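> Below is the file upload_2.cif, with mmCIF, N, CA and C atoms.
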data_my_file
loop_
_atom_site.label_atom_id
_atom_site.label_comp_id
_atom_site.auth_asym_id
_atom_site.auth_seq_id
_atom_site.Cartn_x
_atom_site.Cartn_y
_atom_site.Cartn_z
N MET A 1 0.85 -1.18 0.00
CA MET A 1 0.00 0.00 0.00
C MET A 1 0.89 1.24 0.00
N LYS A 2 0.46 2.26 -0.68
CA LYS A 2 1.22 3.51 -0.74
C LYS A 2 0.75 4.46 0.36
N TYR A 3 1.71 5.18 0.92
CA TYR A 3 1.44 6.19 1.94
C TYR A 3 2.14 7.47 1.55
N LEU A 4 1.52 8.60 1.84
CA LEU A 4 2.14 9.90 1.64
C LEU A 4 2.61 10.40 3.00
N LEU A 5 3.90 10.66 3.13
CA LEU A 5 4.47 11.21 4.36
C LEU A 5 4.66 12.71 4.12
N MET A 6 3.77 13.51 4.67
CA MET A 6 3.81 14.95 4.44
C MET A 6 4.66 15.60 5.53
N VAL A 7 5.64 16.36 5.11
CA VAL A 7 6.60 16.98 6.01
C VAL A 7 6.15 18.41 6.32
N TYR A 8 5.85 18.67 7.58
CA TYR A 8 5.48 20.02 8.02
C TYR A 8 6.63 20.60 8.83
N CYS A 9 6.93 21.87 8.60
CA CYS A 9 8.03 22.54 9.29
C CYS A 9 7.54 23.75 10.07
N ASP A 10 8.27 24.08 11.12
CA ASP A 10 8.02 25.27 11.93
C ASP A 10 9.31 26.08 11.88
N ASP A 11 9.29 27.21 11.17
CA ASP A 11 10.50 28.01 10.98
C ASP A 11 11.15 28.44 12.29
N SER A 12 10.35 28.68 13.33
CA SER A 12 10.95 29.13 14.59
C SER A 12 11.84 28.04 15.18
N LEU A 13 11.43 26.78 15.02
CA LEU A 13 12.27 25.68 15.51
C LEU A 13 13.47 25.44 14.59
N LEU A 14 13.26 25.56 13.29
CA LEU A 14 14.38 25.40 12.36
C LEU A 14 15.42 26.50 12.56
N ASP A 15 14.94 27.73 12.76
CA ASP A 15 15.86 28.85 12.97
C ASP A 15 16.66 28.71 14.27
N ALA A 16 16.14 27.94 15.23
CA ALA A 16 16.82 27.76 16.51
C ALA A 16 17.88 26.66 16.47
N LEU A 17 17.97 25.95 15.35
CA LEU A 17 18.98 24.89 15.23
C LEU A 17 20.38 25.51 15.25
N PRO A 18 21.37 24.80 15.80
CA PRO A 18 22.75 25.30 15.77
C PRO A 18 23.22 25.45 14.32
N PRO A 19 24.18 26.33 14.07
CA PRO A 19 24.70 26.51 12.71
C PRO A 19 25.15 25.17 12.12
N GLY A 20 24.76 24.94 10.88
CA GLY A 20 25.15 23.73 10.18
C GLY A 20 24.24 22.54 10.42
N GLU A 21 23.38 22.60 11.47
CA GLU A 21 22.53 21.46 11.80
C GLU A 21 21.49 21.19 10.72
N PHE A 22 20.94 22.24 10.12
CA PHE A 22 19.96 22.04 9.05
C PHE A 22 20.59 21.25 7.92
N ASP A 23 21.79 21.66 7.49
CA ASP A 23 22.46 20.95 6.40
C ASP A 23 22.81 19.52 6.79
N THR A 24 23.18 19.31 8.03
CA THR A 24 23.48 17.95 8.51
C THR A 24 22.23 17.09 8.42
N ARG A 25 21.11 17.63 8.85
CA ARG A 25 19.85 16.88 8.79
C ARG A 25 19.42 16.64 7.36
N MET A 26 19.58 17.65 6.52
CA MET A 26 19.19 17.51 5.12
C MET A 26 20.05 16.43 4.45
N HIS A 27 21.33 16.41 4.74
CA HIS A 27 22.21 15.39 4.18
C HIS A 27 21.75 14.00 4.62
N ALA A 28 21.44 13.85 5.91
CA ALA A 28 20.98 12.55 6.44
C ALA A 28 19.66 12.16 5.78
N CYS A 29 18.80 13.12 5.58
CA CYS A 29 17.50 12.87 4.97
C CYS A 29 17.68 12.38 3.53
N ILE A 30 18.52 13.05 2.77
CA ILE A 30 18.75 12.67 1.37
C ILE A 30 19.43 11.30 1.29
N THR A 31 20.40 11.06 2.15
CA THR A 31 21.08 9.76 2.16
C THR A 31 20.09 8.65 2.50
N HIS A 32 19.25 8.88 3.50
CA HIS A 32 18.26 7.88 3.87
C HIS A 32 17.26 7.67 2.74
N ALA A 33 16.86 8.75 2.08
CA ALA A 33 15.94 8.65 0.95
C ALA A 33 16.55 7.79 -0.15
N ASP A 34 17.84 7.97 -0.40
CA ASP A 34 18.52 7.15 -1.41
C ASP A 34 18.48 5.67 -1.03
N GLU A 35 18.66 5.38 0.26
CA GLU A 35 18.60 3.99 0.73
C GLU A 35 17.20 3.42 0.52
N LEU A 36 16.17 4.18 0.91
CA LEU A 36 14.79 3.71 0.74
C LEU A 36 14.45 3.54 -0.74
N ARG A 37 14.95 4.45 -1.57
CA ARG A 37 14.71 4.33 -3.02
C ARG A 37 15.35 3.05 -3.55
N GLY A 38 16.56 2.76 -3.07
CA GLY A 38 17.27 1.54 -3.47
C GLY A 38 16.53 0.28 -3.05
N GLN A 39 15.77 0.35 -1.96
CA GLN A 39 14.98 -0.80 -1.48
C GLN A 39 13.62 -0.86 -2.17
N GLY A 40 13.34 0.11 -3.04
CA GLY A 40 12.04 0.15 -3.70
C GLY A 40 10.93 0.68 -2.80
N LYS A 41 11.29 1.28 -1.67
CA LYS A 41 10.30 1.78 -0.72
C LYS A 41 9.92 3.23 -0.96
N LEU A 42 10.86 4.05 -1.44
CA LEU A 42 10.59 5.46 -1.70
C LEU A 42 10.27 5.62 -3.17
N LEU A 43 9.07 6.07 -3.47
CA LEU A 43 8.64 6.23 -4.85
C LEU A 43 8.95 7.62 -5.37
N ASP A 44 8.85 8.61 -4.51
CA ASP A 44 9.17 9.98 -4.91
C ASP A 44 9.31 10.83 -3.66
N ALA A 45 10.07 11.88 -3.75
CA ALA A 45 10.23 12.84 -2.67
C ALA A 45 10.54 14.19 -3.29
N GLN A 46 9.94 15.22 -2.77
CA GLN A 46 10.17 16.57 -3.27
C GLN A 46 10.08 17.55 -2.12
N GLN A 47 10.74 18.68 -2.28
CA GLN A 47 10.56 19.80 -1.36
C GLN A 47 9.67 20.81 -2.05
N LEU A 48 8.95 21.56 -1.24
CA LEU A 48 8.14 22.64 -1.77
C LEU A 48 8.82 23.97 -1.47
N GLU A 49 8.51 24.96 -2.28
CA GLU A 49 9.01 26.31 -2.01
C GLU A 49 8.31 26.85 -0.77
N ALA A 50 8.76 27.98 -0.27
CA ALA A 50 8.23 28.59 0.96
C ALA A 50 6.73 28.87 0.83
N PRO A 51 6.02 28.86 1.96
CA PRO A 51 4.58 29.11 1.92
C PRO A 51 4.20 30.43 1.23
N ALA A 52 5.08 31.43 1.30
CA ALA A 52 4.78 32.72 0.68
C ALA A 52 4.61 32.61 -0.84
N THR A 53 5.12 31.53 -1.43
CA THR A 53 5.00 31.35 -2.87
C THR A 53 3.70 30.63 -3.25
N ALA A 54 2.94 30.18 -2.25
CA ALA A 54 1.74 29.37 -2.51
C ALA A 54 0.56 30.23 -2.94
N LYS A 55 -0.32 29.60 -3.66
CA LYS A 55 -1.61 30.17 -4.01
C LYS A 55 -2.66 29.17 -3.58
N SER A 56 -3.76 29.67 -3.05
CA SER A 56 -4.89 28.82 -2.69
C SER A 56 -6.03 29.12 -3.64
N VAL A 57 -6.57 28.08 -4.24
CA VAL A 57 -7.64 28.23 -5.21
C VAL A 57 -8.91 27.60 -4.65
N ARG A 58 -9.96 28.38 -4.66
CA ARG A 58 -11.26 27.89 -4.22
C ARG A 58 -12.31 28.36 -5.23
N ILE A 59 -13.30 27.53 -5.46
CA ILE A 59 -14.43 27.93 -6.31
C ILE A 59 -15.68 27.87 -5.45
N ARG A 60 -16.36 28.99 -5.35
CA ARG A 60 -17.59 29.09 -4.57
C ARG A 60 -18.66 29.75 -5.43
N ALA A 61 -19.79 29.14 -5.49
CA ALA A 61 -20.92 29.68 -6.26
C ALA A 61 -20.50 30.04 -7.68
N GLY A 62 -19.68 29.19 -8.28
CA GLY A 62 -19.26 29.40 -9.66
C GLY A 62 -18.16 30.42 -9.86
N LYS A 63 -17.69 31.06 -8.79
CA LYS A 63 -16.62 32.05 -8.90
C LYS A 63 -15.32 31.45 -8.39
N THR A 64 -14.24 31.74 -9.09
CA THR A 64 -12.92 31.26 -8.70
C THR A 64 -12.21 32.33 -7.89
N PHE A 65 -11.70 31.91 -6.73
CA PHE A 65 -10.94 32.80 -5.86
C PHE A 65 -9.52 32.27 -5.76
N VAL A 66 -8.55 33.12 -5.99
CA VAL A 66 -7.14 32.75 -5.84
C VAL A 66 -6.54 33.68 -4.79
N LEU A 67 -6.06 33.07 -3.71
CA LEU A 67 -5.49 33.83 -2.62
C LEU A 67 -4.01 33.53 -2.50
N ASP A 68 -3.23 34.52 -2.12
CA ASP A 68 -1.82 34.31 -1.86
C ASP A 68 -1.64 33.53 -0.57
N GLY A 69 -0.63 32.69 -0.54
CA GLY A 69 -0.25 32.02 0.69
C GLY A 69 -0.84 30.64 0.83
N PRO A 70 -0.44 29.99 1.93
CA PRO A 70 -0.92 28.63 2.17
C PRO A 70 -2.40 28.62 2.49
N PHE A 71 -2.97 27.43 2.48
CA PHE A 71 -4.41 27.30 2.65
C PHE A 71 -4.88 27.59 4.06
N ALA A 72 -3.97 27.57 5.04
CA ALA A 72 -4.38 27.77 6.43
C ALA A 72 -3.35 28.64 7.14
N GLU A 73 -3.80 29.37 8.12
CA GLU A 73 -2.90 30.14 8.96
C GLU A 73 -2.34 29.20 10.02
N THR A 74 -1.06 29.00 9.98
CA THR A 74 -0.45 28.08 10.93
C THR A 74 1.05 28.33 10.98
N LYS A 75 1.66 27.98 12.07
CA LYS A 75 3.13 28.09 12.16
C LYS A 75 3.78 26.99 11.35
N GLU A 76 3.17 25.82 11.35
CA GLU A 76 3.71 24.72 10.57
C GLU A 76 3.11 24.76 9.17
N TYR A 77 3.94 24.48 8.20
CA TYR A 77 3.48 24.51 6.81
C TYR A 77 4.00 23.27 6.10
N LEU A 78 3.30 22.87 5.07
CA LEU A 78 3.72 21.73 4.28
C LEU A 78 4.96 22.11 3.50
N ALA A 79 6.05 21.41 3.77
CA ALA A 79 7.34 21.75 3.16
C ALA A 79 7.76 20.74 2.09
N GLY A 80 7.17 19.57 2.10
CA GLY A 80 7.53 18.56 1.11
C GLY A 80 6.83 17.27 1.41
N PHE A 81 7.18 16.25 0.64
CA PHE A 81 6.54 14.95 0.85
C PHE A 81 7.46 13.84 0.41
N ASN A 82 7.17 12.66 0.90
CA ASN A 82 7.80 11.43 0.47
C ASN A 82 6.68 10.47 0.12
N LEU A 83 6.68 9.94 -1.06
CA LEU A 83 5.71 8.93 -1.45
C LEU A 83 6.41 7.59 -1.31
N VAL A 84 5.94 6.76 -0.39
CA VAL A 84 6.62 5.50 -0.07
C VAL A 84 5.70 4.31 -0.32
N GLU A 85 6.30 3.17 -0.49
CA GLU A 85 5.59 1.89 -0.54
C GLU A 85 5.90 1.18 0.76
N ALA A 86 4.89 0.91 1.56
CA ALA A 86 5.08 0.27 2.85
C ALA A 86 4.17 -0.96 2.93
N ASP A 87 4.63 -1.96 3.65
CA ASP A 87 3.84 -3.18 3.82
C ASP A 87 2.71 -2.99 4.82
N SER A 88 2.80 -1.96 5.66
CA SER A 88 1.78 -1.73 6.67
C SER A 88 1.83 -0.28 7.11
N GLU A 89 0.79 0.14 7.82
CA GLU A 89 0.78 1.48 8.39
C GLU A 89 1.93 1.63 9.39
N GLU A 90 2.20 0.58 10.14
CA GLU A 90 3.28 0.62 11.13
C GLU A 90 4.62 0.89 10.44
N GLU A 91 4.86 0.26 9.30
CA GLU A 91 6.12 0.51 8.58
C GLU A 91 6.17 1.94 8.07
N ALA A 92 5.05 2.46 7.57
CA ALA A 92 5.02 3.85 7.10
C ALA A 92 5.28 4.82 8.25
N ILE A 93 4.74 4.53 9.42
CA ILE A 93 4.97 5.37 10.59
C ILE A 93 6.44 5.31 11.00
N ARG A 94 7.03 4.12 10.93
CA ARG A 94 8.46 3.99 11.24
C ARG A 94 9.29 4.84 10.29
N MET A 95 8.96 4.77 9.00
CA MET A 95 9.69 5.58 8.01
C MET A 95 9.53 7.06 8.31
N ALA A 96 8.33 7.48 8.69
CA ALA A 96 8.09 8.89 9.02
C ALA A 96 8.92 9.30 10.22
N ALA A 97 8.98 8.43 11.22
CA ALA A 97 9.73 8.75 12.44
C ALA A 97 11.23 8.84 12.17
N GLU A 98 11.70 8.21 11.10
CA GLU A 98 13.12 8.27 10.75
C GLU A 98 13.50 9.59 10.08
N LEU A 99 12.51 10.36 9.63
CA LEU A 99 12.81 11.66 9.02
C LEU A 99 13.18 12.65 10.13
N PRO A 100 14.30 13.35 9.98
CA PRO A 100 14.72 14.27 11.04
C PRO A 100 13.75 15.42 11.25
N TRP A 101 12.91 15.69 10.28
CA TRP A 101 11.98 16.82 10.38
C TRP A 101 10.87 16.55 11.37
N ALA A 102 10.70 15.33 11.81
CA ALA A 102 9.71 15.05 12.86
C ALA A 102 10.11 15.73 14.16
N GLN A 103 11.39 16.10 14.29
CA GLN A 103 11.88 16.74 15.51
C GLN A 103 11.58 18.24 15.55
N THR A 104 11.37 18.83 14.40
CA THR A 104 11.13 20.28 14.35
C THR A 104 9.81 20.62 13.66
N GLY A 105 9.03 19.61 13.39
CA GLY A 105 7.75 19.83 12.73
C GLY A 105 6.86 18.64 12.95
N CYS A 106 6.25 18.18 11.90
CA CYS A 106 5.32 17.06 11.97
C CYS A 106 5.36 16.33 10.64
N ILE A 107 5.28 15.01 10.69
CA ILE A 107 5.16 14.23 9.47
C ILE A 107 3.78 13.58 9.49
N GLU A 108 2.94 13.97 8.59
CA GLU A 108 1.61 13.37 8.51
C GLU A 108 1.69 12.15 7.61
N VAL A 109 1.20 11.03 8.10
CA VAL A 109 1.19 9.78 7.35
C VAL A 109 -0.24 9.52 6.90
N ARG A 110 -0.43 9.45 5.60
CA ARG A 110 -1.77 9.25 5.09
C ARG A 110 -1.74 8.27 3.93
N PRO A 111 -2.58 7.21 3.99
CA PRO A 111 -2.60 6.26 2.88
C PRO A 111 -3.17 6.91 1.63
N LEU A 112 -2.67 6.49 0.48
CA LEU A 112 -3.22 6.95 -0.79
C LEU A 112 -4.44 6.13 -1.14
N ARG A 113 -5.40 6.76 -1.72
CA ARG A 113 -6.59 6.08 -2.18
C ARG A 113 -6.24 5.35 -3.48
N ASP A 114 -6.86 4.23 -3.71
CA ASP A 114 -6.67 3.49 -4.95
C ASP A 114 -7.40 4.24 -6.06
N PHE A 115 -6.67 5.13 -6.73
CA PHE A 115 -7.29 6.02 -7.70
C PHE A 115 -7.78 5.25 -8.92
N ALA A 116 -7.11 4.16 -9.27
CA ALA A 116 -7.56 3.34 -10.39
C ALA A 116 -8.95 2.78 -10.09
N ALA A 117 -9.19 2.38 -8.84
CA ALA A 117 -10.50 1.85 -8.44
C ALA A 117 -11.55 2.95 -8.50
N VAL A 118 -11.19 4.17 -8.10
CA VAL A 118 -12.12 5.29 -8.17
C VAL A 118 -12.45 5.58 -9.63
N ARG A 119 -11.42 5.60 -10.47
CA ARG A 119 -11.61 5.86 -11.90
C ARG A 119 -12.58 4.83 -12.48
N LEU A 120 -12.37 3.56 -12.15
CA LEU A 120 -13.23 2.50 -12.64
C LEU A 120 -14.66 2.67 -12.12
N ARG A 121 -14.77 2.98 -10.82
CA ARG A 121 -16.09 3.13 -10.20
C ARG A 121 -16.91 4.23 -10.84
N VAL A 122 -16.25 5.34 -11.17
CA VAL A 122 -16.99 6.48 -11.72
C VAL A 122 -17.02 6.48 -13.25
N GLY A 123 -16.37 5.47 -13.84
CA GLY A 123 -16.42 5.33 -15.30
C GLY A 123 -15.62 6.38 -16.04
N ALA A 124 -14.52 6.80 -15.45
CA ALA A 124 -13.70 7.83 -16.11
C ALA A 124 -12.50 7.20 -16.81
#
Would it be possible to restate this file's structure as structure tokens?


Amino acid sequence: MKYLLMVYCDDSLLDALPPGEFDTRMHACITHADELRGQGKLLDAQQLEAPATAKSVRIRAGKTFVLDGPFAETKEYLAGFNLVEADSEEEAIRMAAELPWAQTGCIEVRPLRDFAAVRLRVGA
């Protein structure tokens, strides 16, 4: 089953890291990602640009609204994701806990829906 590990960051905690610690953690994260990719467990991983670059799009009563910024006011923001293949939710949680960003933010673990089944169900 596929799980999306969403990486949330809190800039105040990241800014409080000792000099060089961010790069040390990023290096460990990339190295670990390479290991998981080699095991066929990591399907994709990306970082997102800062929340200030985000746009939120909503359609209400037929009108499209585009707002600057992330979708919610919060200290933590979605900074990136890892798409992994895990044998169980427990394994996906273990992988999330291995990301250093769990120490300064939050990693949300969420299973992916079987989109092929949805496509078939709705006849698309």

> Which one is closest to Asp23 of chain A: A:Lys2, A:Ala79, A:Cys9, A:Pro100? Count only C-alpha atoms.

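Counting only C-alpha atoms, the residue closest to Asp23 of chain A is A:Pro100.
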
> Run through the PyMOL selection byres (((chain A and resi 82-99 and name CA) around 12) and name CA) on the given coordinates and return the selected residues as a PyMOL selection string.

chain A and resi 1-9+25-48+78-81+100-112

> Would you compute the distance between atom CA of Gly20 of chain A and atom CA of Ala52 of chain A? Give it in Å to one decimal.

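Answer for the atom CA of Gly20 of chain A to atom CA of Ala52 of chain A separation: 24.2 Å.
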
> Calculate how many Å separate atom N of Ala116 of chain A from atom CA of Ser56 of chain A, rounding to one decimal.

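Separation between atom N of Ala116 of chain A and atom CA of Ser56 of chain A: 25.6 Å.
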
> Would you please extract all strand (DSSP E or B) residues from chain A, as assigned by DSSP on the backbone, and give them as a short mmCIF file (atom, residue, chain, number, x, y, z; two decimals) with N, CA and C atoms, keeping the file's coordinate frame?


data_model
loop_
_atom_site.label_atom_id
_atom_site.label_comp_id
_atom_site.auth_asym_id
_atom_site.auth_seq_id
_atom_site.Cartn_x
_atom_site.Cartn_y
_atom_site.Cartn_z
N LYS A 2 0.46 2.26 -0.68
CA LYS A 2 1.22 3.51 -0.74
C LYS A 2 0.75 4.46 0.36
N TYR A 3 1.71 5.18 0.92
CA TYR A 3 1.44 6.19 1.94
C TYR A 3 2.14 7.47 1.55
N LEU A 4 1.52 8.60 1.84
CA LEU A 4 2.14 9.90 1.64
C LEU A 4 2.61 10.40 3.00
N LEU A 5 3.90 10.66 3.13
CA LEU A 5 4.47 11.21 4.36
C LEU A 5 4.66 12.71 4.12
N MET A 6 3.77 13.51 4.67
CA MET A 6 3.81 14.95 4.44
C MET A 6 4.66 15.60 5.53
N VAL A 7 5.64 16.36 5.11
CA VAL A 7 6.60 16.98 6.01
C VAL A 7 6.15 18.41 6.32
N TYR A 8 5.85 18.67 7.58
CA TYR A 8 5.48 20.02 8.02
C TYR A 8 6.63 20.60 8.83
N CYS A 9 6.93 21.87 8.60
CA CYS A 9 8.03 22.54 9.29
C CYS A 9 7.54 23.75 10.07
N ASP A 10 8.27 24.08 11.12
CA ASP A 10 8.02 25.27 11.93
C ASP A 10 9.31 26.08 11.88
N LEU A 42 10.86 4.05 -1.44
CA LEU A 42 10.59 5.46 -1.70
C LEU A 42 10.27 5.62 -3.17
N LEU A 43 9.07 6.07 -3.47
CA LEU A 43 8.64 6.23 -4.85
C LEU A 43 8.95 7.62 -5.37
N ASP A 44 8.85 8.61 -4.51
CA ASP A 44 9.17 9.98 -4.91
C ASP A 44 9.31 10.83 -3.66
N ALA A 45 10.07 11.88 -3.75
CA ALA A 45 10.23 12.84 -2.67
C ALA A 45 10.54 14.19 -3.29
N GLN A 46 9.94 15.22 -2.77
CA GLN A 46 10.17 16.57 -3.27
C GLN A 46 10.08 17.55 -2.12
N GLN A 47 10.74 18.68 -2.28
CA GLN A 47 10.56 19.80 -1.36
C GLN A 47 9.67 20.81 -2.05
N LYS A 55 -0.32 29.60 -3.66
CA LYS A 55 -1.61 30.17 -4.01
C LYS A 55 -2.66 29.17 -3.58
N SER A 56 -3.76 29.67 -3.05
CA SER A 56 -4.89 28.82 -2.69
C SER A 56 -6.03 29.12 -3.64
N VAL A 57 -6.57 28.08 -4.24
CA VAL A 57 -7.64 28.23 -5.21
C VAL A 57 -8.91 27.60 -4.65
N ARG A 58 -9.96 28.38 -4.66
CA ARG A 58 -11.26 27.89 -4.22
C ARG A 58 -12.31 28.36 -5.23
N ILE A 59 -13.30 27.53 -5.46
CA ILE A 59 -14.43 27.93 -6.31
C ILE A 59 -15.68 27.87 -5.45
N ARG A 60 -16.36 28.99 -5.35
CA ARG A 60 -17.59 29.09 -4.57
C ARG A 60 -18.66 29.75 -5.43
N LYS A 63 -17.69 31.06 -8.79
CA LYS A 63 -16.62 32.05 -8.90
C LYS A 63 -15.32 31.45 -8.39
N THR A 64 -14.24 31.74 -9.09
CA THR A 64 -12.92 31.26 -8.70
C THR A 64 -12.21 32.33 -7.89
N PHE A 65 -11.70 31.91 -6.73
CA PHE A 65 -10.94 32.80 -5.86
C PHE A 65 -9.52 32.27 -5.76
N VAL A 66 -8.55 33.12 -5.99
CA VAL A 66 -7.14 32.75 -5.84
C VAL A 66 -6.54 33.68 -4.79
N LEU A 67 -6.06 33.07 -3.71
CA LEU A 67 -5.49 33.83 -2.62
C LEU A 67 -4.01 33.53 -2.50
N ASP A 68 -3.23 34.52 -2.12
CA ASP A 68 -1.82 34.31 -1.86
C ASP A 68 -1.64 33.53 -0.57
N GLU A 76 3.17 25.82 11.35
CA GLU A 76 3.71 24.72 10.57
C GLU A 76 3.11 24.76 9.17
N TYR A 77 3.94 24.48 8.20
CA TYR A 77 3.48 24.51 6.81
C TYR A 77 4.00 23.27 6.10
N LEU A 78 3.30 22.87 5.07
CA LEU A 78 3.72 21.73 4.28
C LEU A 78 4.96 22.11 3.50
N ALA A 79 6.05 21.41 3.77
CA ALA A 79 7.34 21.75 3.16
C ALA A 79 7.76 20.74 2.09
N GLY A 80 7.17 19.57 2.10
CA GLY A 80 7.53 18.56 1.11
C GLY A 80 6.83 17.27 1.41
N PHE A 81 7.18 16.25 0.64
CA PHE A 81 6.54 14.95 0.85
C PHE A 81 7.46 13.84 0.41
N ASN A 82 7.17 12.66 0.90
CA ASN A 82 7.80 11.43 0.47
C ASN A 82 6.68 10.47 0.12
N LEU A 83 6.68 9.94 -1.06
CA LEU A 83 5.71 8.93 -1.45
C LEU A 83 6.41 7.59 -1.31
N VAL A 84 5.94 6.76 -0.39
CA VAL A 84 6.62 5.50 -0.07
C VAL A 84 5.70 4.31 -0.32
N GLU A 85 6.30 3.17 -0.49
CA GLU A 85 5.59 1.89 -0.54
C GLU A 85 5.90 1.18 0.76
N GLY A 105 9.03 19.61 13.39
CA GLY A 105 7.75 19.83 12.73
C GLY A 105 6.86 18.64 12.95
N CYS A 106 6.25 18.18 11.90
CA CYS A 106 5.32 17.06 11.97
C CYS A 106 5.36 16.33 10.64
N ILE A 107 5.28 15.01 10.69
CA ILE A 107 5.16 14.23 9.47
C ILE A 107 3.78 13.58 9.49
N GLU A 108 2.94 13.97 8.59
CA GLU A 108 1.61 13.37 8.51
C GLU A 108 1.69 12.15 7.61
N VAL A 109 1.20 11.03 8.10
CA VAL A 109 1.19 9.78 7.35
C VAL A 109 -0.24 9.52 6.90
N ARG A 110 -0.43 9.45 5.60
CA ARG A 110 -1.77 9.25 5.09
C ARG A 110 -1.74 8.27 3.93
N PRO A 111 -2.58 7.21 3.99
CA PRO A 111 -2.60 6.26 2.88
C PRO A 111 -3.17 6.91 1.63
#

> Separation of atom CA of Lys55 of chain A and atom N of Ser12 of chain A, in Å?

21.1 Å

> As lines of an AutoDock Vina configuration file, please: the centre and edge lengths in Å, to one decimal, of an axis-aligned box enclosing every listed atom of segment 15-22 of chain A with 4 Å added on each side.


center_x = 20.0
center_y = 25.0
center_z = 12.2
size_x = 18.2
size_y = 15.7
size_z = 16.6

> Determine which residues of chain A DSSP labels as helix (DSSP H, G or I) from the backbone of this structure, then write them out as a PyMOL selection string.

chain A and resi 11-15+21-38+51-53+89-98+100-103+115-122
